[in-house]
>>> print(open('input_7.cif').read())   # mmCIF, C-alpha atoms
data_protein
loop_
_atom_site.group_PDB
_atom_site.id
_atom_site.type_symbol
_atom_site.label_atom_id
_atom_site.label_comp_id
_atom_site.auth_asym_id
_atom_site.auth_seq_id
_atom_site.Cartn_x
_atom_site.Cartn_y
_atom_site.Cartn_z
ATOM 1 C CA MET L 1 88.574 84.910 90.331
ATOM 2 C CA LEU L 2 86.738 87.926 91.730
ATOM 3 C CA THR L 3 82.953 87.810 91.389
ATOM 4 C CA LEU L 4 80.917 90.982 91.875
ATOM 5 C CA TYR L 5 77.187 90.959 91.209
ATOM 6 C CA GLY L 6 77.472 87.892 89.009
ATOM 7 C CA LYS L 7 80.374 89.187 86.910
ATOM 8 C CA ASN L 8 83.803 87.564 87.029
ATOM 9 C CA PHE L 9 87.095 89.434 87.011
ATOM 10 C CA THR L 10 90.718 88.348 86.902
ATOM 11 C CA SER L 11 92.110 91.621 88.208
ATOM 12 C CA ARG L 12 91.540 92.554 91.830
ATOM 13 C CA LEU L 13 92.448 96.189 91.294
ATOM 14 C CA LEU L 14 89.747 98.766 90.609
ATOM 15 C CA LEU L 15 91.182 102.060 89.406
ATOM 16 C CA GLY L 16 89.853 105.618 89.594
ATOM 17 C CA THR L 17 90.100 107.937 86.591
ATOM 18 C CA ALA L 18 90.604 111.308 88.313
ATOM 19 C CA HIS L 19 93.646 113.531 88.899
ATOM 20 C CA TYR L 20 95.879 112.209 86.096
ATOM 21 C CA PRO L 21 98.146 114.796 84.477
ATOM 22 C CA SER L 22 96.696 114.037 81.017
ATOM 23 C CA PRO L 23 94.271 111.699 79.251
ATOM 24 C CA GLU L 24 97.236 109.852 77.735
ATOM 25 C CA VAL L 25 98.736 109.185 81.152
ATOM 26 C CA LEU L 26 95.336 107.972 82.372
ATOM 27 C CA THR L 27 95.135 105.521 79.484
ATOM 28 C CA ARG L 28 98.662 104.216 80.086
ATOM 29 C CA ALA L 29 98.017 103.825 83.813
ATOM 30 C CA VAL L 30 94.801 101.866 83.253
ATOM 31 C CA GLN L 31 96.585 99.612 80.783
ATOM 32 C CA ALA L 32 99.514 99.052 83.161
ATOM 33 C CA SER L 33 97.167 98.329 86.070
ATOM 34 C CA GLN L 34 95.334 95.640 84.079
ATOM 35 C CA ALA L 35 92.203 96.858 85.888
ATOM 36 C CA GLU L 36 88.944 95.604 84.424
ATOM 37 C CA ILE L 37 86.810 98.090 86.337
ATOM 38 C CA VAL L 38 87.328 101.864 86.406
ATOM 39 C CA THR L 39 85.382 104.373 88.450
ATOM 40 C CA VAL L 40 83.815 107.427 86.869
ATOM 41 C CA SER L 41 81.522 110.220 87.983
ATOM 42 C CA LEU L 42 79.051 112.612 86.454
ATOM 43 C CA ARG L 43 79.253 116.370 86.626
ATOM 44 C CA ARG L 44 77.435 119.393 85.244
ATOM 45 C CA GLU L 45 77.995 119.689 81.497
ATOM 46 C CA SER L 46 78.649 123.083 79.950
ATOM 47 C CA ALA L 47 77.138 123.696 76.499
ATOM 48 C CA ARG L 48 80.348 125.450 75.483
ATOM 49 C CA ALA L 49 83.066 123.196 76.916
ATOM 50 C CA ARG L 50 81.254 119.849 76.472
ATOM 51 C CA THR L 51 83.992 118.316 78.625
ATOM 52 C CA GLY L 52 82.094 115.124 79.333
ATOM 53 C CA GLN L 53 81.687 114.162 75.700
ATOM 54 C CA GLY L 54 85.433 113.880 75.083
ATOM 55 C CA PHE L 55 86.000 112.133 78.381
ATOM 56 C CA TRP L 56 83.386 109.521 77.516
ATOM 57 C CA ALA L 57 85.098 108.766 74.220
ATOM 58 C CA LEU L 58 88.327 108.151 76.152
ATOM 59 C CA ILE L 59 86.643 105.824 78.645
ATOM 60 C CA GLU L 60 84.956 103.822 75.899
ATOM 61 C CA GLU L 61 88.356 103.210 74.303
ATOM 62 C CA LEU L 62 89.664 101.692 77.545
ATOM 63 C CA GLY L 63 87.187 98.840 77.187
ATOM 64 C CA CYS L 64 86.747 98.503 80.965
ATOM 65 C CA ARG L 65 83.523 98.061 82.902
ATOM 66 C CA VAL L 66 82.644 101.438 84.411
ATOM 67 C CA LEU L 67 81.604 101.894 88.016
ATOM 68 C CA PRO L 68 79.908 105.285 88.375
ATOM 69 C CA ASN L 69 80.114 106.952 91.773
ATOM 70 C CA THR L 70 77.874 109.402 93.587
ATOM 71 C CA ALA L 71 80.825 111.451 94.868
ATOM 72 C CA GLY L 72 79.949 114.751 96.460
ATOM 73 C CA CYS L 73 76.427 113.774 97.483
ATOM 74 C CA HIS L 74 75.599 114.717 101.056
ATOM 75 C CA THR L 75 72.090 113.301 101.327
ATOM 76 C CA ALA L 76 70.397 110.049 100.375
ATOM 77 C CA LYS L 77 68.084 112.021 98.055
ATOM 78 C CA GLU L 78 71.010 113.532 96.122
ATOM 79 C CA ALA L 79 72.758 110.174 95.929
ATOM 80 C CA ILE L 80 69.627 108.414 94.664
ATOM 81 C CA ALA L 81 69.002 111.028 91.926
ATOM 82 C CA THR L 82 72.700 110.909 90.963
ATOM 83 C CA ALA L 83 72.634 107.099 90.792
ATOM 84 C CA GLU L 84 69.552 107.233 88.584
ATOM 85 C CA MET L 85 71.238 109.694 86.235
ATOM 86 C CA ALA L 86 74.368 107.505 86.218
ATOM 87 C CA ARG L 87 72.400 104.357 85.387
ATOM 88 C CA GLU L 88 70.976 105.984 82.273
ATOM 89 C CA LEU L 89 74.175 107.804 81.326
ATOM 90 C CA PHE L 90 76.545 104.847 81.666
ATOM 91 C CA GLY L 91 74.089 102.072 80.890
ATOM 92 C CA THR L 92 74.926 100.127 84.035
ATOM 93 C CA SER L 93 73.023 99.207 87.172
ATOM 94 C CA TRP L 94 76.292 99.263 89.126
ATOM 95 C CA VAL L 95 76.859 102.200 91.420
ATOM 96 C CA LYS L 96 79.601 103.074 93.865
ATOM 97 C CA LEU L 97 77.321 104.627 96.432
ATOM 98 C CA GLU L 98 78.814 107.537 98.340
ATOM 99 C CA VAL L 99 76.942 109.697 100.817
ATOM 100 C CA ILE L 100 79.425 112.035 102.425
ATOM 101 C CA ALA L 101 79.070 113.228 106.031
ATOM 102 C CA ASN L 102 81.965 115.609 106.323
ATOM 103 C CA ASP L 103 83.997 117.509 103.752
ATOM 104 C CA ASP L 104 87.234 117.426 105.745
ATOM 105 C CA THR L 105 87.349 113.679 106.267
ATOM 106 C CA LEU L 106 85.037 112.634 103.413
ATOM 107 C CA GLN L 107 83.713 110.134 105.933
ATOM 108 C CA PRO L 108 80.636 108.252 104.730
ATOM 109 C CA ASP L 109 77.334 109.298 106.308
ATOM 110 C CA LEU L 110 76.339 105.790 107.300
ATOM 111 C CA PHE L 111 72.715 106.717 108.006
ATOM 112 C CA GLY L 112 72.232 108.333 104.596
ATOM 113 C CA LEU L 113 74.210 105.517 102.987
ATOM 114 C CA VAL L 114 71.942 102.797 104.372
ATOM 115 C CA GLU L 115 68.847 104.823 103.441
ATOM 116 C CA ALA L 116 70.031 105.302 99.853
ATOM 117 C CA ALA L 117 71.194 101.677 99.559
ATOM 118 C CA GLN L 118 67.755 100.421 100.569
ATOM 119 C CA VAL L 119 66.025 102.536 97.911
ATOM 120 C CA LEU L 120 68.528 101.778 95.157
ATOM 121 C CA ALA L 121 68.809 98.029 95.795
ATOM 122 C CA ALA L 122 64.999 97.781 95.769
ATOM 123 C CA ASP L 123 65.041 99.653 92.448
ATOM 124 C CA GLY L 124 67.333 97.078 90.842
ATOM 125 C CA PHE L 125 70.710 98.750 91.350
ATOM 126 C CA ASP L 126 73.811 96.716 92.120
ATOM 127 C CA VAL L 127 75.071 98.803 94.991
ATOM 128 C CA LEU L 128 78.755 98.895 95.952
ATOM 129 C CA PRO L 129 78.656 101.086 99.063
ATOM 130 C CA TYR L 130 81.625 103.192 100.114
ATOM 131 C CA THR L 131 81.433 102.668 103.861
ATOM 132 C CA THR L 132 83.577 102.625 106.984
ATOM 133 C CA GLU L 133 84.789 99.568 108.900
ATOM 134 C CA ASP L 134 81.674 99.825 111.121
ATOM 135 C CA LEU L 135 80.175 96.374 111.548
ATOM 136 C CA SER L 136 76.607 97.425 112.313
ATOM 137 C CA ALA L 137 76.480 99.645 109.227
ATOM 138 C CA ALA L 138 77.851 96.753 107.198
ATOM 139 C CA GLU L 139 75.105 94.484 108.498
ATOM 140 C CA ARG L 140 72.441 97.010 107.534
ATOM 141 C CA LEU L 141 73.937 97.447 104.071
ATOM 142 C CA VAL L 142 73.880 93.699 103.535
ATOM 143 C CA ALA L 143 70.292 93.566 104.842
ATOM 144 C CA ALA L 144 69.446 96.351 102.357
ATOM 145 C CA GLY L 145 70.598 94.103 99.516
ATOM 146 C CA CYS L 146 74.268 94.977 99.021
ATOM 147 C CA THR L 147 76.247 91.853 98.143
ATOM 148 C CA VAL L 148 79.547 93.767 98.032
ATOM 149 C CA LEU L 149 80.955 96.120 100.679
ATOM 150 C CA MET L 150 83.675 98.725 100.186
ATOM 151 C CA PRO L 151 85.102 99.872 103.529
ATOM 152 C CA TRP L 152 87.635 102.669 103.594
ATOM 153 C CA ALA L 153 91.209 102.068 104.733
ATOM 154 C CA SER L 154 91.555 105.722 105.751
ATOM 155 C CA PRO L 155 90.132 109.014 104.410
ATOM 156 C CA ILE L 156 89.995 109.442 100.620
ATOM 157 C CA GLY L 157 93.261 110.744 99.214
ATOM 158 C CA SER L 158 95.033 110.614 102.596
ATOM 159 C CA ALA L 159 97.483 107.843 101.603
ATOM 160 C CA ARG L 160 97.595 106.675 105.216
ATOM 161 C CA GLY L 161 96.820 103.035 104.580
ATOM 162 C CA LEU L 162 94.886 100.706 106.881
ATOM 163 C CA ILE L 163 94.474 102.819 110.005
ATOM 164 C CA ASN L 164 91.997 100.520 111.744
ATOM 165 C CA LYS L 165 93.311 97.117 110.825
ATOM 166 C CA ASP L 166 91.710 95.297 113.765
ATOM 167 C CA ALA L 167 88.220 96.407 112.740
ATOM 168 C CA LEU L 168 88.900 95.537 109.109
ATOM 169 C CA GLU L 169 89.992 92.056 110.240
ATOM 170 C CA THR L 170 86.768 91.723 112.226
ATOM 171 C CA LEU L 171 84.746 92.756 109.190
ATOM 172 C CA ARG L 172 86.550 90.173 107.060
ATOM 173 C CA ALA L 173 85.976 87.447 109.632
ATOM 174 C CA TYR L 174 82.322 88.384 110.100
ATOM 175 C CA PHE L 175 81.479 88.404 106.380
ATOM 176 C CA PRO L 176 83.479 85.495 104.942
ATOM 177 C CA ASP L 177 81.273 85.240 101.855
ATOM 178 C CA ILE L 178 80.706 88.913 101.011
ATOM 179 C CA PRO L 179 83.254 90.373 98.592
ATOM 180 C CA LEU L 180 85.041 93.125 100.504
ATOM 181 C CA ILE L 181 86.896 95.817 98.584
ATOM 182 C CA ILE L 182 89.193 98.262 100.337
ATOM 183 C CA ASP L 183 88.199 101.644 98.971
ATOM 184 C CA ALA L 184 90.083 104.848 99.761
ATOM 185 C CA GLY L 185 93.146 105.810 101.752
ATOM 186 C CA VAL L 186 95.571 103.384 100.142
ATOM 187 C CA GLY L 187 98.834 105.231 99.523
ATOM 188 C CA ALA L 188 101.431 102.566 98.771
ATOM 189 C CA PRO L 189 101.509 99.129 97.170
ATOM 190 C CA SER L 190 102.457 97.713 100.593
ATOM 191 C CA HIS L 191 99.090 98.949 101.955
ATOM 192 C CA ALA L 192 97.291 97.148 99.154
ATOM 193 C CA ALA L 193 99.320 93.976 99.703
ATOM 194 C CA GLU L 194 98.518 94.134 103.417
ATOM 195 C CA ALA L 195 94.775 94.291 102.694
ATOM 196 C CA MET L 196 95.010 91.406 100.264
ATOM 197 C CA GLU L 197 97.008 89.291 102.730
ATOM 198 C CA MET L 198 94.155 89.829 105.216
ATOM 199 C CA GLY L 199 91.826 88.204 102.741
ATOM 200 C CA TYR L 200 90.216 91.299 101.278
ATOM 201 C CA ASP L 201 88.937 90.548 97.804
ATOM 202 C CA ALA L 202 90.090 93.646 95.955
ATOM 203 C CA VAL L 203 91.398 97.196 96.299
ATOM 204 C CA LEU L 204 89.970 100.358 94.761
ATOM 205 C CA LEU L 205 92.362 103.271 94.506
ATOM 206 C CA ASN L 206 92.934 106.422 92.528
ATOM 207 C CA THR L 207 95.120 109.153 94.010
ATOM 208 C CA ALA L 208 98.097 106.924 94.848
ATOM 209 C CA VAL L 209 98.438 106.074 91.154
ATOM 210 C CA ALA L 210 97.242 109.306 89.546
ATOM 211 C CA LYS L 211 99.501 111.589 91.610
ATOM 212 C CA ALA L 212 102.559 109.340 91.535
ATOM 213 C CA GLY L 213 105.635 110.633 89.695
ATOM 214 C CA ASP L 214 105.050 107.951 87.064
ATOM 215 C CA PRO L 215 101.400 106.840 87.230
ATOM 216 C CA ALA L 216 101.771 103.945 84.778
ATOM 217 C CA LYS L 217 104.720 102.511 86.697
ATOM 218 C CA MET L 218 102.864 102.932 90.004
ATOM 219 C CA ALA L 219 99.802 101.228 88.513
ATOM 220 C CA GLU L 220 101.989 98.259 87.641
ATOM 221 C CA ALA L 221 103.463 98.283 91.157
ATOM 222 C CA PHE L 222 99.972 98.155 92.662
ATOM 223 C CA ALA L 223 98.913 95.384 90.308
ATOM 224 C CA LYS L 224 101.897 93.287 91.393
ATOM 225 C CA ALA L 225 101.404 94.047 95.086
ATOM 226 C CA ILE L 226 97.742 93.085 94.908
ATOM 227 C CA GLU L 227 98.542 89.886 93.077
ATOM 228 C CA ALA L 228 101.303 89.062 95.591
ATOM 229 C CA GLY L 229 99.014 89.776 98.530
ATOM 230 C CA ARG L 230 96.281 87.583 97.107
ATOM 231 C CA LEU L 231 98.702 84.721 96.423
ATOM 232 C CA ALA L 232 99.974 84.995 100.003
ATOM 233 C CA PHE L 233 96.436 84.855 101.376
ATOM 234 C CA GLU L 234 95.621 81.811 99.269
ATOM 235 C CA ALA L 235 98.895 80.154 100.259
ATOM 236 C CA GLY L 236 98.169 80.666 103.967
ATOM 237 C CA LEU L 237 100.403 82.898 106.073
ATOM 238 C CA ILE L 238 102.212 81.487 109.095
ATOM 239 C CA GLU L 239 101.340 82.775 112.548
ATOM 240 C CA PRO L 240 103.705 85.294 114.159
ATOM 241 C CA ARG L 241 105.460 84.071 117.329
ATOM 242 C CA ASP L 242 107.305 85.695 120.174
ATOM 243 C CA MET L 243 110.581 83.739 120.100
ATOM 244 C CA ALA L 244 112.931 82.600 117.371
ATOM 245 C CA SER L 245 112.446 79.288 115.671
ATOM 246 C CA PRO L 246 115.492 77.980 113.767
ATOM 247 C CA SER L 247 114.902 77.460 110.102
ATOM 248 C CA THR L 248 118.001 75.274 109.651
ATOM 249 C CA PRO L 249 117.665 71.741 111.083
ATOM 250 C CA VAL L 250 119.142 71.431 114.564
ATOM 251 C CA ALA L 251 119.782 67.686 114.305
ATOM 252 C CA GLY L 252 123.309 66.925 113.097
ATOM 253 C CA THR L 253 124.747 70.337 113.911
ATOM 254 C CA PRO L 254 128.611 69.897 113.867
ATOM 255 C CA PHE L 255 130.503 70.365 117.128
ATOM 256 C CA PHE L 256 127.234 69.930 119.028
ATOM 257 C CA LYS L 257 127.790 68.339 122.437
ATOM 258 C CA ILE L 258 125.324 67.209 125.030
ATOM 259 C CA ASP L 259 126.390 68.323 128.473
ATOM 260 C CA HIS L 260 126.594 64.868 130.202
ATOM 261 C CA ALA L 261 127.876 66.351 133.416
ATOM 262 C CA SER L 262 124.573 67.786 134.511
ATOM 263 C CA MET D 1 61.408 132.343 81.364
ATOM 264 C CA LYS D 2 64.188 132.274 83.909
ATOM 265 C CA VAL D 3 65.340 128.961 85.294
ATOM 266 C CA LEU D 4 68.359 127.766 87.232
ATOM 267 C CA LEU D 5 70.510 125.665 84.902
ATOM 268 C CA ASN D 6 73.332 123.767 86.572
ATOM 269 C CA GLY D 7 73.203 126.214 89.444
ATOM 270 C CA GLU D 8 73.330 129.350 87.274
ATOM 271 C CA PRO D 9 70.460 131.704 86.317
ATOM 272 C CA PHE D 10 69.492 131.037 82.698
ATOM 273 C CA ALA D 11 66.899 132.563 80.352
ATOM 274 C CA THR D 12 65.212 130.186 77.921
ATOM 275 C CA GLU D 13 62.307 130.042 75.487
ATOM 276 C CA ALA D 14 62.127 126.265 75.772
ATOM 277 C CA VAL D 15 58.778 124.831 76.831
ATOM 278 C CA THR D 16 59.993 121.340 77.630
ATOM 279 C CA LEU D 17 63.182 119.875 79.055
ATOM 280 C CA ASP D 18 63.813 118.205 75.697
ATOM 281 C CA GLU D 19 63.678 121.572 73.924
ATOM 282 C CA LEU D 20 66.065 123.061 76.469
ATOM 283 C CA CYS D 21 68.577 120.263 75.903
ATOM 284 C CA ALA D 22 68.293 120.667 72.124
ATOM 285 C CA SER D 23 68.731 124.456 72.366
ATOM 286 C CA LEU D 24 72.021 123.830 74.183
ATOM 287 C CA GLY D 25 73.272 121.485 71.469
ATOM 288 C CA PHE D 26 72.762 118.387 73.604
ATOM 289 C CA ALA D 27 70.256 116.635 71.319
ATOM 290 C CA GLU D 28 72.712 113.843 70.478
ATOM 291 C CA ALA D 29 75.017 114.303 73.448
ATOM 292 C CA LYS D 30 75.738 111.858 76.252
ATOM 293 C CA ILE D 31 73.899 113.603 79.070
ATOM 294 C CA ALA D 32 71.461 112.873 81.877
ATOM 295 C CA THR D 33 68.970 115.266 83.420
ATOM 296 C CA ALA D 34 67.252 116.118 86.681
ATOM 297 C CA LEU D 35 64.498 118.598 87.469
ATOM 298 C CA ASN D 36 64.083 120.079 90.946
ATOM 299 C CA GLY D 37 66.215 117.382 92.508
ATOM 300 C CA SER D 38 64.611 114.399 90.784
ATOM 301 C CA PHE D 39 65.945 112.365 87.866
ATOM 302 C CA VAL D 40 64.162 112.821 84.526
ATOM 303 C CA PRO D 41 64.774 109.916 82.098
ATOM 304 C CA ALA D 42 65.620 110.831 78.510
ATOM 305 C CA SER D 43 62.321 109.317 77.387
ATOM 306 C CA SER D 44 60.382 111.727 79.637
ATOM 307 C CA ARG D 45 62.145 114.965 78.671
ATOM 308 C CA GLY D 46 59.689 115.717 75.855
ATOM 309 C CA ALA D 47 56.745 115.495 78.221
ATOM 310 C CA THR D 48 58.450 117.455 80.988
ATOM 311 C CA GLN D 49 57.153 121.040 80.952
ATOM 312 C CA LEU D 50 59.404 123.741 82.353
ATOM 313 C CA ALA D 51 58.204 126.394 84.778
ATOM 314 C CA PRO D 52 59.867 129.627 85.954
ATOM 315 C CA ALA D 53 62.479 129.087 88.670
ATOM 316 C CA ASP D 54 62.811 125.394 87.852
ATOM 317 C CA GLU D 55 66.149 123.949 88.891
ATOM 318 C CA ILE D 56 67.603 121.893 86.066
ATOM 319 C CA GLU D 57 70.690 119.720 86.113
ATOM 320 C CA ILE D 58 72.335 118.508 82.927
ATOM 321 C CA VAL D 59 75.255 116.183 83.596
ATOM 322 C CA ALA D 60 77.774 114.178 81.589
ATOM 323 C CA PRO D 61 80.518 111.620 82.292
ATOM 324 C CA ARG D 62 83.539 112.858 84.186
ATOM 325 C CA GLN D 63 86.652 111.576 85.938
ATOM 326 C CA GLY D 64 85.966 109.956 89.296
ATOM 327 C CA GLY D 65 87.543 107.930 92.048
#
>>> encode(input="input_7.cif", output="structure tokens")
Amino acid sequence: MLTLYGKNFTSRLLLGTAHYPSPEVLTRAVQASQAEIVTVSLRRESARARTGQGFWALIEELGCRVLPNTAGCHTAKEAIATAEMARELFGTSWVKLEVIANDDTLQPDLFGLVEAAQVLAADGFDVLPYTTEDLSAAERLVAAGCTVLMPWASPIGSARGLINKDALETLRAYFPDIPLIIDAGVGAPSHAAEAMEMGYDAVLLNTAVAKAGDPAKMAEAFAKAIEAGRLAFEAGLIEPRDMASPSTPVAGTPFFKIDHAS
Amino acid sequence: MKVLLNGEPFATEAVTLDELCASLGFAEAKIATALNGSFVPASSRGATQLAPADEIEIVAPRQGG
């Protein structure tokens, strides 16, 4: 059972809603993923197109909890105002807090992130910060009031997987009781399984499903990989070793002779 | 009066933010608003007077990751 800000979830997959070829494919992918939380954003609404109104109707039909993001914000001030608009718009105090430092890497601006997290947590938001694997930033986010952390695996949309696994392992070991969600950079179900085997609590992804040849099938693949990875973590993985260790019993091997001559 | 609406120059007769939203057909729509970089709750739009060159954001739900 995954618990985030007092809410319990069976699924450990959080799915993004962007980049799908059609609304129907989005719906099928969310259903196949069995995700209980989907991420959304807010954008400027045109009086003519009214794009957001139709999109909201689609999201409501999914029946999932929504996690609004502050994607595209480059300062704490922008992120705070965006979070406030999102809280009213989506009727939730949950926010995936993003403050972006660099448009090429979409790396979080950790200074702006901590600043915004402090303000929002004090204002009653349940902040899920999109951060890096940096331990000192994580400590400050927790001190600010975040009870969930969402470190990246690699840059958003890069599909490169866990590029700094050692630091992610350190983060996991250092915060045994904080739910940690891998957010961004996951490209394949094996990446997600790897994170789950390390004891991460959940995985948030979007592009790897949305841009797959068959998004619904890929969503199912991720759901299975995440479940398998979690089961493996709970079961307890064996330690790697340098030399072989026979799996078949040695005792009673036919034709076995002890060399009595030596 | 000329304001900046969602980043674009826009001429309006609206006196308040609420009137502006209504004039755009957003009276019943799922939107949120900000004025000059700060969030304006729906309940405050009626009391929020507009001034020339105000920067207004009107946003709605959209796909996100």
>>> interface_residues(input="input_7.cif", of="chain L", to="chain D", cutoff="8 Å", atoms="all atoms listed in the file", output="VMD selection string")
chain L and resid 15 to 19 39 to 45 47 51 to 53 55 to 56 68 to 69 71 77 to 78 81 to 82 84 to 86 88 to 90 205 to 207
>>> atom_distance(input="input_7.cif", atom1="CA of Ala159 in chain L", atom2="CA of Ile80 in chain L")
28.7 Å
>>> axis_aligned_box(input="input_7.cif", around="range 93-105 of chain L", padding_each_side="4 Å", output="JSON")
{"center_x": 80.2, "center_y": 108.4, "center_z": 96.7, "size_x": 22.3, "size_y": 26.3, "size_z": 27.2}
>>> residues_around(input="input_7.cif", residues="range 102-109 of chain L", least_positions_apart="5", cutoff="7 Å", atoms="only C-alpha atoms", output="list in words")
Tyr130, Thr131, Thr132, Pro155 and Ile156 of chain L
>>> residues_around(input="input_7.cif", residues="Val148 in chain L", least_positions_apart="2", cutoff="7 Å", atoms="all atoms listed in the file", output="number ranges by chain")
L: 4, 128, 146, 150, 178-180
>>> residues_near_point(input="input_7.cif", point="(93.5, 85.3, 97.0)", cutoff="10 Å", atoms="all atoms listed in the file", output="NGL selection string")
:L and (1-2 or 12 or 196-202 or 226-236)
>>> closest_residue(input="input_7.cif", among="L:Ala212, L:Ala79, L:Leu58, L:Ala167", to="Val127 in chain L", atoms="all atoms listed in the file")
L:Ala79
>>> closest_residue(input="input_7.cif", among="D:Ala11, D:Ala27, D:Leu4, D:Leu20", to="Ile56 in chain D", atoms="only C-alpha atoms")
D:Leu4
>>> closest_residue(input="input_7.cif", among="D:Ala22, D:Asn36, D:Val3, D:Glu13", to="Pro52 in chain D", atoms="all atoms listed in the file")
D:Val3
>>> residues_around(input="input_7.cif", residues="Gln49 in chain D", least_positions_apart="2", cutoff="7 Å", atoms="only C-alpha atoms", output="compact mmCIF listing (two decimals) with C-alpha atoms, in the frame of the given file")
# COMPACT_ATOMS: atom_id res chain seq x y z
CA VAL D 15 58.78 124.83 76.83
CA THR D 16 59.99 121.34 77.63
CA LEU D 17 63.18 119.88 79.06
CA ALA D 47 56.74 115.50 78.22
CA ALA D 51 58.20 126.39 84.78
>>> residues_near_point(input="input_7.cif", point="(70.6, 110.8, 102.0)", cutoff="7 Å", atoms="only C-alpha atoms", output="PDB file with C-alpha atoms, keeping the file's coordinate frame")
ATOM      1  CA  HIS L  74      75.599 114.717 101.056  1.00  0.00           C
ATOM      2  CA  THR L  75      72.090 113.301 101.327  1.00  0.00           C
ATOM      3  CA  ALA L  76      70.397 110.049 100.375  1.00  0.00           C
ATOM      4  CA  LYS L  77      68.084 112.021  98.055  1.00  0.00           C
ATOM      5  CA  GLU L  78      71.010 113.532  96.122  1.00  0.00           C
ATOM      6  CA  ALA L  79      72.758 110.174  95.929  1.00  0.00           C
ATOM      7  CA  VAL L  99      76.942 109.697 100.817  1.00  0.00           C
ATOM      8  CA  GLY L 112      72.232 108.333 104.596  1.00  0.00           C
ATOM      9  CA  LEU L 113      74.210 105.517 102.987  1.00  0.00           C
ATOM     10  CA  GLU L 115      68.847 104.823 103.441  1.00  0.00           C
ATOM     11  CA  ALA L 116      70.031 105.302  99.853  1.00  0.00           C
TER      12      ALA L 116
END
>>> decode(input="input_7.cif", residues="range 138-152 of chain L", atoms="N, CA and C atoms", output="JSON list (two decimals), in the first residue's frame")
[["chain", "number", "residue", "atom", "x", "y", "z"],
["L", 138, "ALA", "N", 17.17, 17.60, -0.74],
["L", 138, "ALA", "CA", 16.12, 16.73, -0.20],
["L", 138, "ALA", "C", 15.88, 17.04, 1.28],
["L", 139, "GLU", "N", 16.96, 17.23, 2.01],
["L", 139, "GLU", "CA", 16.83, 17.55, 3.43],
["L", 139, "GLU", "C", 16.07, 18.86, 3.64],
["L", 140, "ARG", "N", 16.38, 19.84, 2.80],
["L", 140, "ARG", "CA", 15.71, 21.14, 2.93],
["L", 140, "ARG", "C", 14.24, 21.05, 2.53],
["L", 141, "LEU", "N", 13.95, 20.21, 1.56],
["L", 141, "LEU", "CA", 12.54, 20.04, 1.16],
["L", 141, "LEU", "C", 11.75, 19.37, 2.28],
["L", 142, "VAL", "N", 12.36, 18.40, 2.92],
["L", 142, "VAL", "CA", 11.70, 17.73, 4.04],
["L", 142, "VAL", "C", 11.52, 18.72, 5.19],
["L", 143, "ALA", "N", 12.56, 19.52, 5.45],
["L", 143, "ALA", "CA", 12.48, 20.53, 6.52],
["L", 143, "ALA", "C", 11.38, 21.56, 6.20],
["L", 144, "ALA", "N", 11.17, 21.81, 4.90],
["L", 144, "ALA", "CA", 10.13, 22.77, 4.48],
["L", 144, "ALA", "C", 8.73, 22.23, 4.70],
["L", 145, "GLY", "N", 8.63, 20.89, 4.86],
["L", 145, "GLY", "CA", 7.31, 20.31, 5.11],
["L", 145, "GLY", "C", 6.88, 19.28, 4.08],
["L", 146, "CYS", "N", 7.75, 18.98, 3.12],
["L", 146, "CYS", "CA", 7.40, 17.95, 2.13],
["L", 146, "CYS", "C", 7.50, 16.58, 2.79],
["L", 147, "THR", "N", 6.48, 15.77, 2.69],
["L", 147, "THR", "CA", 6.56, 14.41, 3.23],
["L", 147, "THR", "C", 6.64, 13.37, 2.12],
["L", 148, "VAL", "N", 6.83, 13.86, 0.89],
["L", 148, "VAL", "CA", 7.07, 13.01, -0.28],
["L", 148, "VAL", "C", 8.14, 13.71, -1.10],
["L", 149, "LEU", "N", 9.07, 12.93, -1.67],
["L", 149, "LEU", "CA", 10.07, 13.52, -2.57],
["L", 149, "LEU", "C", 10.01, 12.81, -3.91],
["L", 150, "MET", "N", 10.23, 13.57, -4.98],
["L", 150, "MET", "CA", 10.18, 12.98, -6.33],
["L", 150, "MET", "C", 11.46, 13.31, -7.10],
["L", 151, "PRO", "N", 12.53, 12.54, -6.84],
["L", 151, "PRO", "CA", 13.77, 12.77, -7.58],
["L", 151, "PRO", "C", 13.67, 12.27, -9.02],
["L", 152, "TRP", "N", 14.37, 12.98, -9.90],
["L", 152, "TRP", "CA", 14.42, 12.52, -11.29],
["L", 152, "TRP", "C", 15.31, 11.30, -11.42]]
